[in-house]
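Here is the structure we will look at.
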Amino acid sequence: MKTLVYRNLIRVALKTLINWLLTPLSPKNNRVYHRQLLLISGDSPWTLAQAGGLLDGLPSQLTTCWIGGESAMATSVSYPFSRYKEVLGSEFDLVFISYLDAFRPGIFAAVAGTIKAGGTLVLLSPALNTWPTHPSVTKPYFLSHGFSMNESLFIQRFIETLLAEPCCGQFNEQGDHLPPHKTAAARAKVNPPFSTLDQQQAYQTILGHYDATTPAVALLAKRGRGKSTLAGLITAHFLSRGLKVAITSYTKRAADRLLDTVDSQCASSQDNPACSTMTWYAFDNPALFTDPIDVLVIEEAASLPIPITHGLMAQAPFTLLLSTTDGYEGSGQGFRYRVVQSLGIPCITMTQPVRWFEQDPLERIIEHFLFVPQQPVTFALAANTTVKVYAGKANTINQSHLREIMQLMAEAHYQTTPDDILRIIDSPNNHFYYMVRENSIVAAAIVDEEGGARLEALKDDIAAGKRRVKGHLTAQSLALMSTDGDTATLNTQRINRIAVRPDQQHLGLGSQLVRYIIDDLKTKHIDHITVSFGTTPQLLSFWKNLHFVVLKAGQKQDKASGKASTLVAYPLTAKARQCYGHIPEQKADITDNNHQKTHLTRLRQVADGTRSLHQLYSTTAWFAHHEQSSPLSAVMAQINKGIPLSQIARQTKCQGKADLAQWIRSELHQWLCSLAQ
């Protein structure tokens, strides 16, 4: 009898919930409504059953979407986490995201942008009182080998953000809380094809820049402002003037909305402009540098490497760069500082949303828990006031300072995704060092714990290239370079990120913070401090002036920054200095025989198939220098110059990279055998 009563109560509750979801979407309403959020929480079977019951009771004409790892529900579209980007650009009345098995904040931030005004984002989660300690969040994908998590500070903060938001409804086994619907102020009417006054004004401004022969303009906006649609309207206008327009992006899908807008404008235009004069190019297509182009449109420019962006801009008389300032692919704030401001590009920022209304509570939730800055830091700080330095874990930092630190990191680094923020806050091996002046953060560093006893059992396999574990970036890299397993077990602290507030730079605060970190770690039985960074003369000088030793000067460029990576270290013990002696790359002359043992060990491991060709480092130059007459020497010299293996394979008439690698291993076996005779 009790079970029957309970089921009836659930049915009544679901009916009430369905009415709550449908009210703001009803065409009978004369008012417009903001979007809302519903949190269904409990154990997995119960929560999934409620979601299924809810979907069964919804009208079939509603557009719905399911994102999650469980079996697909009866929604319009359904995707696992790995394919969530396929729904971007679509529009839904309701979106369900299941966080019962795993948590990815980037999915929340991205998919929320597909929900139209009056719609609802439905989150499925474990019971709220257990979620911060639930296995779905305490065993995350980013957990470094040997570390464990007991609780997620990020989830705890996420829950607090949700519960503090008046638009958030709750549904669990204890009952429900369905807040009143929040009406929105209707946006001002504008003439088609524009949706907002922002779009109309930006359109006129960009065309004005073109007519004034401005070489480039940046159009920035948060997600949902109609940026891509506007770019499509502008592209169609240029086509109507007979201009040759090229569109490029990291993936073609990123430009779908822009291309669809162009197609619709061309199809409806009485002038019927020649749309064949518009072409989408992959960003690495050589034709971008050879075809005649009048206008280049770069969609989501922040996702492209900086050197590629610079190179593309030189190919057209006029370039329109589009970037989302706060989105799933990264904050875009780094793009604003590293590209737009550094090149003096005129910037147009759109703020009025298209799919929903201003002051949208769902957007406010996303911005709060992702530390999105509400406005640039503009207040002045006196340079002669005292600076205090603090150290601790994320859970020891007050919320105000933690927000400032995360905002500072997002601005200083080219791409910071929502998932990066989760990792930085929750990783148990992360330590924060930060400087405060007048109760404001002026500089901060995030330092990762690596190596040590956690790698003891695997050290020799790591040094031989047989194993690669999660995390421990520089500890594993140095073990591979030195071929010495003991290097992996050095107690390592890696400075992961460091930043100084822009208006406080060039005052010595960065150096002061690093010296504080050095002095602090000297007392904690740490062997050395490592840093890996995109190489510039200024950064290299900065670390050398602090007496860091260059252990590897990389040649391969980072995709985002376009700079080769340099690895430096500050030894705190004799053990660390001894390990550095096994690394040939720290010496200016890498062709001598002082490190012959290391070079031979690397070559033997490649021959045995445990070490890749890219992990030979300077050994390719050493071999090419000492064995100049062998066919293998010429191949090693090409690898050392950074020539792609596919190109070398064609030159040596090998059937691809795998065939080339097999030939090199065979040649190395013979060469090593000849040495032993």
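Chains: A, B, ... in order of the structure tokens. Residues: from 1 per chain. Ligands: from 1, in order shown.
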> Neighbours of stretch 391-407 of chain A within 6 Å (only C-alpha atoms; same-chain residues fewer than 2 positions away dropped), as a PyMOL selection string?
Replying inline: chain A and resi 371+409-410+425+431-433
>> Taking the DSSP secondary structure from the backbone, can you list the residues of stretch 206-417 of chain A that are helix (DSSP H, G or I), as a VMD selection string?
In response: chain A and resid 206 to 211 227 to 240 252 to 268 275 to 277 286 to 289 301 to 303 306 to 313 333 to 341 361 to 369 394 to 396 399 to 412
> For the atom pair atom CA of A:Ala302 and atom CA of A:Thr325, what is the interatomic distance in Å to one decimal place?
Replying inline: 8.7 Å
> Nearest to A:Ile348: which of A:Thr610, A:Ser323, A:Thr16, A:Gln476 is it, counting only C-alpha atoms?
Replying inline: A:Ser323
> Near A:Phe335, counting only C-alpha atoms, which residues have an atom at most 9 Å away, once you skip same-chain residues fewer than 6 positions from it, shown as a PyMOL selection string?
Replying inline: chain A and resi 301-303+306+323+325+341+411+413-415
> Neighbours of A:Ala185 within 10 Å (only C-alpha atoms; same-chain residues fewer than 2 positions away dropped), as a ChimeraX atom specification?
Replying inline: /A:31-34,183,187-188,357-359
>> Which of stretch 277-519 of chain A end up as strand (DSSP E or B) when DSSP is run on this backbone - answer as number ranges by chain?
In response: A: 278-282, 295-298, 318-324, 327, 330, 347-350, 387-392, 430-437, 440-451, 491-500
> Contacts of A:Ala637 at 10 Å or less, counting only C-alpha atoms, minus same-chain residues fewer than 5 places along, as number ranges by chain?
Replying inline: A: 619-625, 628, 632, 642-643
Same residues, all heavy atoms, output as a short mmCIF file (atom, residue, chain, number, x, y, z; two decimals), in the first residue's frame:
data_model
loop_
_atom_site.label_atom_id
_atom_site.label_comp_id
_atom_site.auth_asym_id
_atom_site.auth_seq_id
_atom_site.Cartn_x
_atom_site.Cartn_y
_atom_site.Cartn_z
N THR A 619 70.01 13.09 -30.02
CA THR A 619 70.74 11.91 -30.48
C THR A 619 70.73 11.81 -32.00
O THR A 619 71.66 11.25 -32.59
CB THR A 619 70.12 10.64 -29.85
OG1 THR A 619 70.26 10.74 -28.43
CG2 THR A 619 70.81 9.38 -30.33
N THR A 620 69.71 12.36 -32.65
CA THR A 620 69.71 12.36 -34.12
C THR A 620 70.89 13.17 -34.66
O THR A 620 71.56 12.75 -35.60
CB THR A 620 68.38 12.93 -34.65
OG1 THR A 620 68.14 14.22 -34.06
CG2 THR A 620 67.22 12.01 -34.33
N ALA A 621 71.15 14.34 -34.04
CA ALA A 621 72.29 15.16 -34.47
C ALA A 621 73.60 14.47 -34.14
O ALA A 621 74.56 14.50 -34.92
CB ALA A 621 72.22 16.53 -33.79
N TRP A 622 73.67 13.83 -32.97
CA TRP A 622 74.90 13.12 -32.56
C TRP A 622 75.21 12.00 -33.53
O TRP A 622 76.35 11.84 -33.99
CB TRP A 622 74.71 12.58 -31.15
CG TRP A 622 75.88 11.79 -30.62
CD1 TRP A 622 76.98 12.28 -29.99
CD2 TRP A 622 76.06 10.37 -30.70
NE1 TRP A 622 77.85 11.26 -29.65
CE2 TRP A 622 77.31 10.07 -30.09
CE3 TRP A 622 75.31 9.33 -31.23
CZ2 TRP A 622 77.79 8.78 -29.99
CZ3 TRP A 622 75.80 8.03 -31.14
CH2 TRP A 622 77.03 7.76 -30.52
N PHE A 623 74.19 11.21 -33.89
CA PHE A 623 74.41 10.08 -34.80
C PHE A 623 74.81 10.59 -36.19
O PHE A 623 75.74 10.06 -36.81
CB PHE A 623 73.12 9.25 -34.91
CG PHE A 623 73.29 7.99 -35.71
CD1 PHE A 623 73.64 6.80 -35.09
CD2 PHE A 623 73.10 7.98 -37.09
CE1 PHE A 623 73.80 5.64 -35.83
CE2 PHE A 623 73.26 6.83 -37.84
CZ PHE A 623 73.60 5.65 -37.20
N ALA A 624 74.11 11.61 -36.68
CA ALA A 624 74.42 12.13 -38.02
C ALA A 624 75.85 12.67 -38.08
O ALA A 624 76.52 12.58 -39.11
CB ALA A 624 73.42 13.23 -38.38
N HIS A 625 76.34 13.22 -36.97
CA HIS A 625 77.70 13.78 -36.93
C HIS A 625 78.76 12.68 -36.90
O HIS A 625 79.79 12.79 -37.58
CB HIS A 625 77.84 14.67 -35.69
CG HIS A 625 79.22 15.23 -35.52
ND1 HIS A 625 79.72 16.27 -36.27
CD2 HIS A 625 80.23 14.86 -34.65
CE1 HIS A 625 80.95 16.54 -35.88
NE2 HIS A 625 81.29 15.70 -34.91
N GLN A 628 78.63 9.79 -40.53
CA GLN A 628 78.24 10.59 -41.69
C GLN A 628 78.12 9.78 -42.98
O GLN A 628 77.44 10.18 -43.91
CB GLN A 628 79.24 11.72 -41.89
CG GLN A 628 79.26 12.71 -40.73
CD GLN A 628 80.27 13.83 -40.94
OE1 GLN A 628 80.86 13.96 -42.00
NE2 GLN A 628 80.48 14.62 -39.90
N LEU A 632 71.64 5.64 -42.95
CA LEU A 632 70.84 5.99 -41.79
C LEU A 632 71.19 7.39 -41.28
O LEU A 632 70.34 8.10 -40.76
CB LEU A 632 71.06 4.96 -40.67
CG LEU A 632 70.24 5.15 -39.39
CD1 LEU A 632 68.74 5.19 -39.69
CD2 LEU A 632 70.56 4.03 -38.40
N GLY A 642 63.69 18.46 -38.30
CA GLY A 642 62.25 18.59 -38.13
C GLY A 642 61.45 18.28 -39.37
O GLY A 642 60.26 18.60 -39.45
N ILE A 643 62.05 17.63 -40.36
CA ILE A 643 61.33 17.26 -41.57
C ILE A 643 60.32 16.16 -41.22
O ILE A 643 60.67 15.19 -40.55
CB ILE A 643 62.31 16.77 -42.66
CG1 ILE A 643 63.25 17.92 -43.05
CG2 ILE A 643 61.56 16.25 -43.89
CD1 ILE A 643 64.34 17.52 -44.02
#
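In this comparison, which uses only C-alpha atoms, the residue of A:Leu17, A:Ala569, A:Ala287, A:Ala676 approaching A:Lys544 most closely is A:Ala569.
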>> Could you list, as a list in words, every residue within 8 Å of stretch 57-73 of chain A, counting only C-alpha atoms and ignoring same-chain residues fewer than 6 positions away?
In response: Lys15, Ile18, Tyr79, Pro80, Phe81, Tyr84, Glu91, Phe92, Asp93, Leu94, Val95, Phe96, Ile97, Ser98, Tyr99 and Asp101 of chain A
Could you save those same residues with N, CA, C and O atoms as a JSON list (two decimals), in the first residue's frame?
[["chain", "number", "residue", "atom", "x", "y", "z"],
["A", 15, "LYS", "N", 3.65, 15.38, -13.11],
["A", 15, "LYS", "CA", 2.67, 16.18, -13.84],
["A", 15, "LYS", "C", 2.85, 17.66, -13.52],
["A", 15, "LYS", "O", 2.82, 18.51, -14.40],
["A", 18, "ILE", "N", 6.01, 18.84, -15.28],
["A", 18, "ILE", "CA", 5.80, 19.04, -16.72],
["A", 18, "ILE", "C", 5.10, 20.37, -16.98],
["A", 18, "ILE", "O", 5.47, 21.11, -17.89],
["A", 79, "TYR", "N", 23.29, 12.23, -27.71],
["A", 79, "TYR", "CA", 24.71, 12.03, -27.97],
["A", 79, "TYR", "C", 25.45, 11.71, -26.67],
["A", 79, "TYR", "O", 25.09, 12.22, -25.60],
["A", 80, "PRO", "N", 26.51, 10.91, -26.74],
["A", 80, "PRO", "CA", 27.39, 10.75, -25.58],
["A", 80, "PRO", "C", 28.25, 11.99, -25.40],
["A", 80, "PRO", "O", 28.30, 12.86, -26.28],
["A", 81, "PHE", "N", 28.94, 12.07, -24.27],
["A", 81, "PHE", "CA", 29.80, 13.22, -24.00],
["A", 81, "PHE", "C", 30.78, 13.49, -25.14],
["A", 81, "PHE", "O", 31.05, 14.64, -25.50],
["A", 84, "TYR", "N", 29.33, 15.78, -27.97],
["A", 84, "TYR", "CA", 28.42, 16.87, -27.62],
["A", 84, "TYR", "C", 28.51, 18.05, -28.57],
["A", 84, "TYR", "O", 27.54, 18.78, -28.78],
["A", 91, "GLU", "N", 18.99, 24.36, -31.87],
["A", 91, "GLU", "CA", 18.16, 25.07, -30.91],
["A", 91, "GLU", "C", 17.14, 24.11, -30.31],
["A", 91, "GLU", "O", 16.49, 23.36, -31.05],
["A", 92, "PHE", "N", 17.01, 24.13, -28.98],
["A", 92, "PHE", "CA", 16.13, 23.18, -28.30],
["A", 92, "PHE", "C", 15.26, 23.89, -27.27],
["A", 92, "PHE", "O", 15.63, 24.94, -26.74],
["A", 93, "ASP", "N", 14.11, 23.25, -26.99],
["A", 93, "ASP", "CA", 13.27, 23.70, -25.88],
["A", 93, "ASP", "C", 13.82, 23.19, -24.54],
["A", 93, "ASP", "O", 13.82, 23.92, -23.56],
["A", 94, "LEU", "N", 14.24, 21.94, -24.54],
["A", 94, "LEU", "CA", 14.79, 21.34, -23.32],
["A", 94, "LEU", "C", 16.05, 20.55, -23.66],
["A", 94, "LEU", "O", 16.10, 19.84, -24.68],
["A", 95, "VAL", "N", 17.05, 20.68, -22.83],
["A", 95, "VAL", "CA", 18.28, 19.90, -22.96],
["A", 95, "VAL", "C", 18.52, 19.16, -21.64],
["A", 95, "VAL", "O", 18.48, 19.77, -20.57],
["A", 96, "PHE", "N", 18.77, 17.85, -21.73],
["A", 96, "PHE", "CA", 19.10, 17.03, -20.56],
["A", 96, "PHE", "C", 20.59, 16.70, -20.62],
["A", 96, "PHE", "O", 21.09, 16.21, -21.63],
["A", 97, "ILE", "N", 21.30, 16.97, -19.53],
["A", 97, "ILE", "CA", 22.70, 16.56, -19.40],
["A", 97, "ILE", "C", 22.81, 15.66, -18.19],
["A", 97, "ILE", "O", 22.46, 16.06, -17.07],
["A", 98, "SER", "N", 23.29, 14.43, -18.40],
["A", 98, "SER", "CA", 23.42, 13.49, -17.30],
["A", 98, "SER", "C", 24.84, 13.49, -16.76],
["A", 98, "SER", "O", 25.79, 13.13, -17.47],
["A", 99, "TYR", "N", 24.97, 13.92, -15.51],
["A", 99, "TYR", "CA", 26.26, 13.90, -14.82],
["A", 99, "TYR", "C", 26.31, 12.78, -13.78],
["A", 99, "TYR", "O", 27.03, 12.87, -12.79],
["A", 101, "ASP", "N", 27.49, 9.74, -14.17],
["A", 101, "ASP", "CA", 28.70, 8.91, -14.26],
["A", 101, "ASP", "C", 29.99, 9.72, -14.35],
["A", 101, "ASP", "O", 31.06, 9.20, -14.07]]
>> Env of A:Asp420: 12 Å cut, atoms = only C-alpha atoms, seq-sep filter 3 positions within chain, self excluded. Answer as an MDAnalysis selection string.
In response: chainID A and resid 104:106 141:142 154 328:331 370:371 406 409:410 413 415:417 423:427 496:497
> Which value, in Å to one decimal, gives the distance between atom CA of A:Thr385 and atom CA of A:Pro502?
Replying inline: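 Separation of atom CA of A:Thr385 and atom CA of A:Pro502: 17.2 Å.
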> Using only C-alpha atoms, which of the listed residues (A:Arg257, A:Lys587, A:Arg83, A:His525) sits closest to A:Gly224?
Replying inline: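 Counting only C-alpha atoms, the residue closest to A:Gly224 is A:Arg257.
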> When distances are computed from only C-alpha atoms, which of A:Glu151, A:Ala499, A:Gln265, A:Thr138 shows the smallest separation from A:Pro192?
Replying inline: A:Gln265
> Counting only C-alpha atoms, which of A:Trp280, A:Pro428, A:Gly232, A:Ile247 gets nearest to A:Ser264?
Replying inline: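 Residue with the minimum atom-to-atom distance to A:Ser264: A:Gly232.
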